[in-house]
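K.L.:
Okay, so here is upload_22.cif, and as you'll see once you scroll down, it has mmCIF, C-alpha atoms.
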```
data_my_file
#
loop_
_atom_site.group_PDB
_atom_site.id
_atom_site.type_symbol
_atom_site.label_atom_id
_atom_site.label_comp_id
_atom_site.auth_asym_id
_atom_site.auth_seq_id
_atom_site.Cartn_x
_atom_site.Cartn_y
_atom_site.Cartn_z
ATOM 1 C CA MET A 1478 149.354 208.509 232.405
ATOM 2 C CA LYS A 1479 150.226 208.433 228.720
ATOM 3 C CA ARG A 1480 147.621 205.764 228.162
ATOM 4 C CA ASP A 1481 144.982 207.867 229.948
ATOM 5 C CA ARG A 1482 145.868 210.884 227.826
ATOM 6 C CA LEU A 1483 145.653 208.806 224.652
ATOM 7 C CA ILE A 1484 142.247 207.456 225.649
ATOM 8 C CA ARG A 1485 141.060 210.971 226.470
ATOM 9 C CA ARG A 1486 142.233 212.289 223.097
ATOM 10 C CA LEU A 1487 140.576 209.414 221.244
ATOM 11 C CA THR A 1488 137.369 210.057 223.161
ATOM 12 C CA LEU A 1489 137.411 213.742 222.222
ATOM 13 C CA ALA A 1490 138.408 213.088 218.607
ATOM 14 C CA PRO A 1491 134.840 212.675 217.227
ATOM 15 C CA TYR A 1492 133.717 215.930 218.846
ATOM 16 C CA GLY A 1493 136.843 217.734 217.663
ATOM 17 C CA THR A 1494 136.284 216.507 214.116
ATOM 18 C CA TRP A 1495 132.626 217.508 214.214
ATOM 19 C CA ALA A 1496 133.472 220.965 215.584
ATOM 20 C CA ALA A 1497 136.149 221.503 212.925
ATOM 21 C CA LEU A 1498 133.887 220.484 210.042
ATOM 22 C CA PHE A 1499 130.656 222.171 211.076
ATOM 23 C CA ILE A 1500 131.831 225.156 213.163
ATOM 24 C CA VAL A 1501 135.372 226.213 212.293
ATOM 25 C CA VAL A 1502 135.287 225.545 208.543
ATOM 26 C CA PRO A 1503 131.981 227.427 207.934
ATOM 27 C CA LEU A 1504 133.252 230.402 209.958
ATOM 28 C CA VAL A 1505 136.431 230.471 207.894
ATOM 29 C CA PHE A 1506 134.372 230.520 204.693
ATOM 30 C CA VAL A 1507 132.176 233.333 206.047
ATOM 31 C CA ALA A 1508 135.260 235.415 206.849
ATOM 32 C CA TYR A 1509 136.810 234.589 203.466
ATOM 33 C CA TYR A 1510 133.708 235.694 201.556
ATOM 34 C CA ALA A 1511 133.316 238.798 203.732
ATOM 35 C CA PHE A 1512 136.766 240.105 202.811
ATOM 36 C CA THR A 1513 136.723 239.259 199.097
ATOM 37 C CA ASP A 1514 134.847 240.545 196.077
ATOM 38 C CA ASN A 1515 133.176 238.586 193.282
ATOM 39 C CA SER A 1516 136.608 237.873 191.817
ATOM 40 C CA PHE A 1517 137.774 236.634 195.236
ATOM 41 C CA ARG A 1518 140.272 239.450 195.610
ATOM 42 C CA PHE A 1519 140.801 240.982 199.042
ATOM 43 C CA THR A 1520 138.616 244.010 199.764
ATOM 44 C CA LEU A 1521 137.144 245.933 202.678
ATOM 45 C CA SER A 1522 134.253 247.303 200.631
ATOM 46 C CA ASN A 1523 131.806 244.727 201.939
ATOM 47 C CA ILE A 1524 132.545 245.764 205.529
ATOM 48 C CA THR A 1525 132.406 249.509 204.862
ATOM 49 C CA ARG A 1526 129.202 249.047 202.864
ATOM 50 C CA PHE A 1527 127.454 247.842 206.018
ATOM 51 C CA PHE A 1528 128.184 251.140 207.788
ATOM 52 C CA THR A 1529 127.590 253.502 204.859
ATOM 53 C CA THR A 1530 124.816 252.180 202.585
ATOM 54 C CA THR A 1531 121.072 251.780 203.079
ATOM 55 C CA SER A 1532 118.535 249.064 202.438
ATOM 56 C CA SER A 1533 114.889 249.505 201.484
ATOM 57 C CA VAL A 1534 111.792 247.399 202.009
ATOM 58 C CA THR A 1535 108.315 247.803 200.527
ATOM 59 C CA ASP A 1536 105.306 246.661 202.532
ATOM 60 C CA GLU A 1537 101.954 245.427 201.197
ATOM 61 C CA ALA A 1538 100.579 248.972 201.030
ATOM 62 C CA GLY A 1539 103.407 249.994 198.720
ATOM 63 C CA THR A 1540 105.138 252.152 201.306
ATOM 64 C CA ARG A 1541 108.870 252.090 200.737
ATOM 65 C CA GLU A 1542 111.022 252.451 203.834
ATOM 66 C CA VAL A 1543 114.748 253.083 203.687
ATOM 67 C CA HIS A 1544 116.958 251.882 206.525
ATOM 68 C CA THR A 1545 120.635 252.034 207.239
ATOM 69 C CA TYR A 1546 122.031 248.641 208.110
ATOM 70 C CA LEU A 1547 123.036 249.968 211.517
ATOM 71 C CA LEU A 1548 119.413 250.960 212.180
ATOM 72 C CA ILE A 1549 118.320 247.476 211.128
ATOM 73 C CA PHE A 1550 120.863 246.000 213.518
ATOM 74 C CA TRP A 1551 119.720 248.152 216.440
ATOM 75 C CA ARG A 1552 116.086 247.225 215.821
ATOM 76 C CA SER A 1553 117.070 243.547 215.743
ATOM 77 C CA LEU A 1554 119.091 243.977 218.936
ATOM 78 C CA LYS A 1555 116.206 245.757 220.673
ATOM 79 C CA LEU A 1556 113.692 243.004 219.917
ATOM 80 C CA ALA A 1557 116.227 240.289 220.771
ATOM 81 C CA VAL A 1558 117.056 241.903 224.128
ATOM 82 C CA ILE A 1559 113.364 242.327 224.984
ATOM 83 C CA SER A 1560 112.724 238.674 224.130
ATOM 84 C CA THR A 1561 115.742 237.537 226.136
ATOM 85 C CA VAL A 1562 114.727 239.561 229.197
ATOM 86 C CA ILE A 1563 111.180 238.164 229.058
ATOM 87 C CA CYS A 1564 112.531 234.615 228.748
ATOM 88 C CA LEU A 1565 114.844 235.224 231.703
ATOM 89 C CA LEU A 1566 112.130 236.731 233.908
ATOM 90 C CA MET A 1567 109.778 233.832 233.179
ATOM 91 C CA GLY A 1568 112.376 231.086 232.993
ATOM 92 C CA TYR A 1569 114.356 231.856 236.149
ATOM 93 C CA PRO A 1570 111.573 231.222 238.711
ATOM 94 C CA LEU A 1571 110.273 228.305 236.643
ATOM 95 C CA ALA A 1572 113.708 226.684 236.554
ATOM 96 C CA TYR A 1573 114.046 227.105 240.314
ATOM 97 C CA ILE A 1574 110.607 225.590 240.947
ATOM 98 C CA ILE A 1575 111.466 222.627 238.716
ATOM 99 C CA SER A 1576 114.840 222.095 240.413
ATOM 100 C CA ARG A 1577 113.188 221.898 243.847
ATOM 101 C CA ALA A 1578 110.378 219.570 242.728
ATOM 102 C CA PRO A 1579 110.462 215.756 243.123
ATOM 103 C CA GLU A 1580 112.463 213.945 240.458
ATOM 104 C CA ARG A 1581 109.456 212.508 238.633
ATOM 105 C CA THR A 1582 107.789 215.921 238.590
ATOM 106 C CA GLN A 1583 110.969 217.471 237.198
ATOM 107 C CA THR A 1584 110.998 214.996 234.328
ATOM 108 C CA LEU A 1585 107.325 215.636 233.579
ATOM 109 C CA ILE A 1586 107.651 219.440 233.516
ATOM 110 C CA ILE A 1587 110.818 219.360 231.395
ATOM 111 C CA THR A 1588 109.010 217.065 228.957
ATOM 112 C CA PHE A 1589 106.126 219.531 228.676
ATOM 113 C CA ILE A 1590 108.584 222.350 228.029
ATOM 114 C CA MET A 1591 110.350 220.341 225.331
ATOM 115 C CA ILE A 1592 107.236 219.053 223.525
ATOM 116 C CA PRO A 1593 106.870 222.181 221.316
ATOM 117 C CA MET A 1594 110.510 221.743 220.254
ATOM 118 C CA TRP A 1595 109.604 218.366 218.766
ATOM 119 C CA MET A 1596 107.494 220.141 216.152
ATOM 120 C CA ASN A 1597 108.894 221.879 213.099
ATOM 121 C CA PHE A 1598 109.930 225.509 213.612
ATOM 122 C CA LEU A 1599 107.811 226.654 210.666
ATOM 123 C CA ILE A 1600 104.722 224.883 211.999
ATOM 124 C CA ARG A 1601 105.115 226.588 215.372
ATOM 125 C CA THR A 1602 105.380 229.979 213.695
ATOM 126 C CA TYR A 1603 102.340 229.353 211.499
ATOM 127 C CA ALA A 1604 100.421 228.294 214.618
ATOM 128 C CA TRP A 1605 101.041 231.707 216.159
ATOM 129 C CA MET A 1606 99.920 233.358 212.922
ATOM 130 C CA THR A 1607 96.614 231.508 213.299
ATOM 131 C CA ILE A 1608 96.314 232.700 216.888
ATOM 132 C CA LEU A 1609 97.333 236.351 216.434
ATOM 133 C CA GLN A 1610 95.973 237.354 213.035
ATOM 134 C CA ASP A 1611 93.066 239.816 212.791
ATOM 135 C CA THR A 1612 90.543 237.005 212.309
ATOM 136 C CA GLY A 1613 92.484 234.546 214.441
ATOM 137 C CA ILE A 1614 91.663 232.611 217.574
ATOM 138 C CA LEU A 1615 92.558 235.426 219.983
ATOM 139 C CA ASN A 1616 90.478 238.097 218.280
ATOM 140 C CA ASN A 1617 87.535 235.746 217.799
ATOM 141 C CA PHE A 1618 87.645 234.990 221.519
ATOM 142 C CA LEU A 1619 87.767 238.696 222.411
ATOM 143 C CA ALA A 1620 84.830 239.374 220.106
ATOM 144 C CA ALA A 1621 82.859 236.491 221.634
ATOM 145 C CA ILE A 1622 83.132 237.982 225.134
ATOM 146 C CA GLY A 1623 82.295 241.491 223.924
ATOM 147 C CA LEU A 1624 85.791 242.998 223.879
ATOM 148 C CA PRO A 1625 87.257 244.916 220.942
ATOM 149 C CA ARG A 1626 89.627 243.165 218.563
ATOM 150 C CA VAL A 1627 93.317 243.987 218.858
ATOM 151 C CA LYS A 1628 95.916 244.430 216.145
ATOM 152 C CA ILE A 1629 98.881 242.206 217.003
ATOM 153 C CA ILE A 1630 100.006 240.520 213.811
ATOM 154 C CA GLY A 1631 102.372 242.790 211.907
ATOM 155 C CA THR A 1632 103.661 244.497 215.053
ATOM 156 C CA GLU A 1633 106.845 244.236 217.081
ATOM 157 C CA THR A 1634 104.778 242.628 219.841
ATOM 158 C CA ALA A 1635 103.958 239.685 217.586
ATOM 159 C CA VAL A 1636 107.622 239.252 216.684
ATOM 160 C CA VAL A 1637 108.612 239.275 220.361
ATOM 161 C CA ILE A 1638 105.889 236.727 221.176
ATOM 162 C CA GLY A 1639 107.220 234.435 218.457
ATOM 163 C CA MET A 1640 110.804 234.768 219.680
ATOM 164 C CA VAL A 1641 109.860 234.122 223.313
ATOM 165 C CA TYR A 1642 107.785 231.068 222.412
ATOM 166 C CA ASP A 1643 110.395 229.532 220.125
ATOM 167 C CA TYR A 1644 113.463 230.151 222.286
ATOM 168 C CA PHE A 1645 112.039 229.918 225.823
ATOM 169 C CA PRO A 1646 113.221 226.299 226.356
ATOM 170 C CA TYR A 1647 116.783 227.404 225.579
ATOM 171 C CA MET A 1648 116.603 229.663 228.623
ATOM 172 C CA VAL A 1649 114.946 227.228 231.015
ATOM 173 C CA LEU A 1650 117.169 224.213 230.394
ATOM 174 C CA PRO A 1651 120.563 225.856 231.186
ATOM 175 C CA LEU A 1652 119.090 227.486 234.281
ATOM 176 C CA TYR A 1653 117.552 224.221 235.437
ATOM 177 C CA SER A 1654 120.766 222.258 234.878
ATOM 178 C CA VAL A 1655 122.661 224.679 237.164
ATOM 179 C CA MET A 1656 119.977 225.079 239.822
ATOM 180 C CA ALA A 1657 119.438 221.335 240.107
ATOM 181 C CA LYS A 1658 123.049 221.057 241.300
ATOM 182 C CA LEU A 1659 122.754 223.722 244.015
ATOM 183 C CA ASP A 1660 123.589 222.406 247.457
ATOM 184 C CA VAL A 1661 120.428 222.639 249.559
ATOM 185 C CA LYS A 1662 122.615 222.933 252.671
ATOM 186 C CA LEU A 1663 123.801 226.361 251.494
ATOM 187 C CA LEU A 1664 120.212 227.599 251.332
ATOM 188 C CA GLU A 1665 119.441 226.146 254.743
ATOM 189 C CA ALA A 1666 122.579 227.713 256.218
ATOM 190 C CA ALA A 1667 121.614 231.112 254.808
ATOM 191 C CA ARG A 1668 118.179 230.911 256.422
ATOM 192 C CA ASP A 1669 119.637 229.681 259.710
ATOM 193 C CA LEU A 1670 121.892 232.745 259.764
ATOM 194 C CA GLY A 1671 118.865 235.003 259.499
ATOM 195 C CA CYS A 1672 118.864 235.704 255.763
ATOM 196 C CA SER A 1673 115.431 236.519 254.331
ATOM 197 C CA GLY A 1674 114.014 234.835 251.249
ATOM 198 C CA TRP A 1675 115.086 237.790 249.103
ATOM 199 C CA GLY A 1676 118.543 237.720 250.700
ATOM 200 C CA VAL A 1677 118.941 234.010 249.924
ATOM 201 C CA LEU A 1678 118.022 234.670 246.307
ATOM 202 C CA LYS A 1679 120.288 237.710 245.995
ATOM 203 C CA ARG A 1680 123.354 236.435 247.879
ATOM 204 C CA VAL A 1681 123.288 232.679 247.300
ATOM 205 C CA ILE A 1682 121.013 231.411 244.554
ATOM 206 C CA PHE A 1683 121.561 234.093 241.910
ATOM 207 C CA PRO A 1684 125.395 234.275 242.142
ATOM 208 C CA LEU A 1685 125.659 230.480 241.978
ATOM 209 C CA SER A 1686 123.260 230.328 239.023
ATOM 210 C CA LEU A 1687 125.056 232.999 236.970
ATOM 211 C CA PRO A 1688 126.700 230.436 234.645
ATOM 212 C CA GLY A 1689 123.217 229.162 233.758
ATOM 213 C CA VAL A 1690 122.003 232.728 233.252
ATOM 214 C CA LEU A 1691 124.909 233.446 230.914
ATOM 215 C CA ASN A 1692 124.335 230.274 228.903
ATOM 216 C CA GLY A 1693 120.602 230.911 228.707
ATOM 217 C CA VAL A 1694 121.053 234.517 227.608
ATOM 218 C CA THR A 1695 123.537 233.413 224.952
ATOM 219 C CA MET A 1696 121.277 230.661 223.624
ATOM 220 C CA VAL A 1697 118.281 232.997 223.366
ATOM 221 C CA LEU A 1698 119.904 236.263 222.304
ATOM 222 C CA ILE A 1699 121.959 234.934 219.387
ATOM 223 C CA PRO A 1700 119.161 233.146 217.478
ATOM 224 C CA SER A 1701 116.720 235.965 218.321
ATOM 225 C CA ILE A 1702 118.919 238.669 216.860
ATOM 226 C CA SER A 1703 119.579 236.723 213.645
ATOM 227 C CA THR A 1704 116.096 235.322 213.023
ATOM 228 C CA PHE A 1705 114.271 236.207 209.824
ATOM 229 C CA TYR A 1706 111.360 233.791 209.453
ATOM 230 C CA ILE A 1707 109.587 234.977 212.615
ATOM 231 C CA SER A 1708 109.831 238.611 211.539
ATOM 232 C CA GLN A 1709 108.592 237.795 208.037
ATOM 233 C CA LYS A 1710 105.522 235.854 209.178
ATOM 234 C CA LEU A 1711 104.509 237.368 212.509
ATOM 235 C CA GLY A 1712 105.806 240.807 211.545
ATOM 236 C CA ASP A 1713 103.867 240.524 208.277
ATOM 237 C CA GLY A 1714 106.936 241.682 206.378
ATOM 238 C CA LYS A 1715 106.816 245.119 208.009
ATOM 239 C CA PHE A 1716 109.921 244.709 210.151
ATOM 240 C CA PHE A 1717 113.214 244.367 208.328
ATOM 241 C CA LEU A 1718 115.650 242.776 210.767
ATOM 242 C CA ILE A 1719 119.313 241.895 210.337
ATOM 243 C CA GLY A 1720 118.414 238.285 209.584
ATOM 244 C CA ASP A 1721 116.144 239.508 206.789
ATOM 245 C CA ALA A 1722 119.027 241.586 205.424
ATOM 246 C CA ILE A 1723 121.328 238.550 205.308
ATOM 247 C CA GLU A 1724 118.623 236.352 203.792
ATOM 248 C CA GLY A 1725 117.766 239.022 201.218
ATOM 249 C CA GLN A 1726 121.369 239.465 200.109
ATOM 250 C CA TYR A 1727 121.808 235.701 199.885
ATOM 251 C CA THR A 1728 118.630 235.362 197.806
ATOM 252 C CA ALA A 1729 119.893 238.110 195.502
ATOM 253 C CA ASN A 1730 123.147 236.121 195.126
ATOM 254 C CA ASN A 1731 125.174 238.854 196.858
ATOM 255 C CA LEU A 1732 127.041 236.209 198.799
ATOM 256 C CA HIS A 1733 130.016 238.372 199.735
ATOM 257 C CA PHE A 1734 127.955 241.168 201.260
ATOM 258 C CA ALA A 1735 125.682 238.649 202.991
ATOM 259 C CA ALA A 1736 128.811 237.064 204.493
ATOM 260 C CA ALA A 1737 130.062 240.513 205.555
ATOM 261 C CA ILE A 1738 126.822 241.262 207.422
ATOM 262 C CA ALA A 1739 126.976 237.839 209.107
ATOM 263 C CA PHE A 1740 130.648 238.367 209.979
ATOM 264 C CA ILE A 1741 130.031 241.791 211.556
ATOM 265 C CA LEU A 1742 127.074 240.413 213.498
ATOM 266 C CA MET A 1743 129.184 237.492 214.701
ATOM 267 C CA VAL A 1744 132.000 239.771 215.877
ATOM 268 C CA ILE A 1745 129.598 242.079 217.739
ATOM 269 C CA LEU A 1746 127.926 239.147 219.464
ATOM 270 C CA LEU A 1747 131.247 237.549 220.398
ATOM 271 C CA VAL A 1748 132.465 240.812 221.930
ATOM 272 C CA CYS A 1749 129.216 241.233 223.886
ATOM 273 C CA MET A 1750 129.341 237.641 225.133
ATOM 274 C CA ALA A 1751 133.014 238.003 226.119
ATOM 275 C CA LEU A 1752 132.260 241.151 228.127
ATOM 276 C CA LEU A 1753 129.283 239.483 229.774
ATOM 277 C CA ARG A 1754 131.305 236.392 230.636
ATOM 278 C CA ARG A 1755 134.073 238.557 232.075
ATOM 279 C CA PHE A 1756 131.519 240.321 234.247
ATOM 280 C CA VAL A 1757 130.193 236.973 235.475
ATOM 281 C CA ASP A 1758 133.706 235.721 236.228
ATOM 282 C CA LYS A 1759 134.383 238.817 238.366
ATOM 283 C CA THR A 1760 131.151 238.448 240.319
ATOM 284 C CA PRO A 1761 131.773 237.038 243.804
ATOM 285 C CA GLU A 1762 130.400 233.575 244.350
ATOM 286 C CA GLY A 1763 127.333 233.046 246.493
ATOM 287 C CA GLY A 1764 127.435 232.217 250.158
ATOM 288 C CA ALA A 1765 128.687 235.558 251.490
ATOM 289 C CA LEU A 1766 125.960 236.383 253.969
#
```
Show me the file's structure as structure tokens.

P.N.:
Amino acid sequence: MKRDRLIRRLTLAPYGTWAALFIVVPLVFVAYYAFTDNSFRFTLSNITRFFTTTSSVTDEAGTREVHTYLLIFWRSLKLAVISTVICLLMGYPLAYIISRAPERTQTLIITFIMIPMWMNFLIRTYAWMTILQDTGILNNFLAAIGLPRVKIIGTETAVVIGMVYDYFPYMVLPLYSVMAKLDVKLLEAARDLGCSGWGVLKRVIFPLSLPGVLNGVTMVLIPSISTFYISQKLGDGKFFLIGDAIEGQYTANNLHFAAAIAFILMVILLVCMALLRRFVDKTPEGGAL
């Protein structure tokens, strides 16, 4: 037994070291900077500044907009939630279809889903700029078939499209990994007992796939709410999100306030994820027909 425990600890040691160096230590530094001033003395001013001060952004037309940081956060949360919901609505049925397909077909579809992730994030974003801009591929196609051009670039719609495209695989893969392990006999038993297709989904498939839903929502929501490059390029600099606020403060060498914004965002997300996970844990498991 002692030997097994020693082997297990040695096996986990590389991961533990990696997690300590690249997860725990950076978070400690973020918290340290958030609660200190430029002289590294303890202060709460960085935290209170987030709730009391405003930030301004000037667009290409010279219009200067003033936002409270809370308003910036709520706008970021709104777009992130919309993107996450769209990813979930599209990814859930796709993940189920993949999980029920033959093994070779599963591998092929997963490969197609992952191919865009092999390209650089910036290249993918620039590609969507080429598609959505006023003289881009989409508008040229609409003009060619006699339809009016549409204004997408520089809108919230463009930002949501970019988020969904970039983070969609992070929703599909956790869902697929859970659904692929579902016992087909449970689905057959539900149908044999007279459960409709909707009833099987509601009472068996969805409750058993909730861990995948939670992981997918987490992996899409967190990067979506903190992104800044997508909003800068596809939003044409007109949408100042919380990621832009952090990046702007960092660029201006206001490291302590940038860390405070990141720390507050991290705490809010951790609380939301904890509440969501608690809700999932309290949800009865599938199979109750």

K.L.:
Name the residues within 10 Å of (116.8, 236.9, 217.5), counting only C-alpha atoms in the file's coordinates, and put them as number ranges by chain.

P.N.:
A: 1553-1561, 1636-1637, 1639-1641, 1644, 1696-1705, 1707-1708, 1718-1720

K.L.:
Go ahead and compute the interatomic distance for CA of Val1690 in chain A and CA of Ser1673 in chain A, in Å to one decimal.

P.N.:
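Rounded to one decimal, the two atoms are 22.4 Å apart.
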
K.L.:
Tell me which residues the PyMOL selection byres ((chain A and resi 1740-1748) around 8) grabs here, as a ChimeraX atom specification.

P.N.:
/A:1507-1508,1511,1524,1699,1736-1739,1749-1752

K.L.:
Of the residues A:Leu1711, A:Leu1504, A:Val1677, A:Ala1578, which is the one nearest to Asp1611 in chain A, using all atoms listed in the file?

P.N.:
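Once distances to Asp1611 in chain A are computed over all atoms listed in the file, the minimum belongs to A:Leu1711.
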
K.L.:
Between CA of Tyr1509 in chain A and CA of Ala1735 in chain A, what distance in Å does the model show, to one decimal?

P.N.:
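Computing it gives 11.9 Å between the two atoms.
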
K.L.:
One decimal, Å: what's the distance from CA of Gly1712 in chain A over to CA of Met1606 in chain A, could you say?

P.N.:
9.6 Å

K.L.:
Considering all atoms listed in the file, state which residue in the set A:Glu1633, A:Asp1481, A:Glu1580, A:Glu1665 is at the smallest distance from Asp1713 in chain A.

P.N.:
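The shortest atom-to-atom distance to Asp1713 in chain A comes from A:Glu1633.
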
K.L.:
Quick one: of A:Asp1643, A:Ile1723, A:Phe1683, A:Leu1615, who's nearest to Asn1597 in chain A, counting only C-alpha atoms?

P.N.:
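Ranking A:Asp1643, A:Ile1723, A:Phe1683, A:Leu1615 by distance to Asn1597 in chain A, first place goes to A:Asp1643.
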
K.L.:
Could you tell me which residues the PyMOL selection byres ((chain A and resi 1569) around 12) grabs in this file, written as JSON, numbers by chain?

P.N.:
{"A": [1561, 1562, 1563, 1564, 1565, 1566, 1567, 1568, 1570, 1571, 1572, 1573, 1574, 1575, 1576, 1645, 1646, 1647, 1648, 1649, 1650, 1651, 1652, 1653, 1654, 1655, 1656, 1678, 1682, 1683, 1686, 1687, 1689, 1690, 1691, 1693, 1694]}

K.L.:
Restricting the calculation to all atoms listed in the file, which member of A:Arg1526, A:Phe1717, A:Phe1499, A:Val1627 is positioned closest to Phe1512 in chain A?

P.N.:
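The closest residue to Phe1512 in chain A is A:Arg1526.
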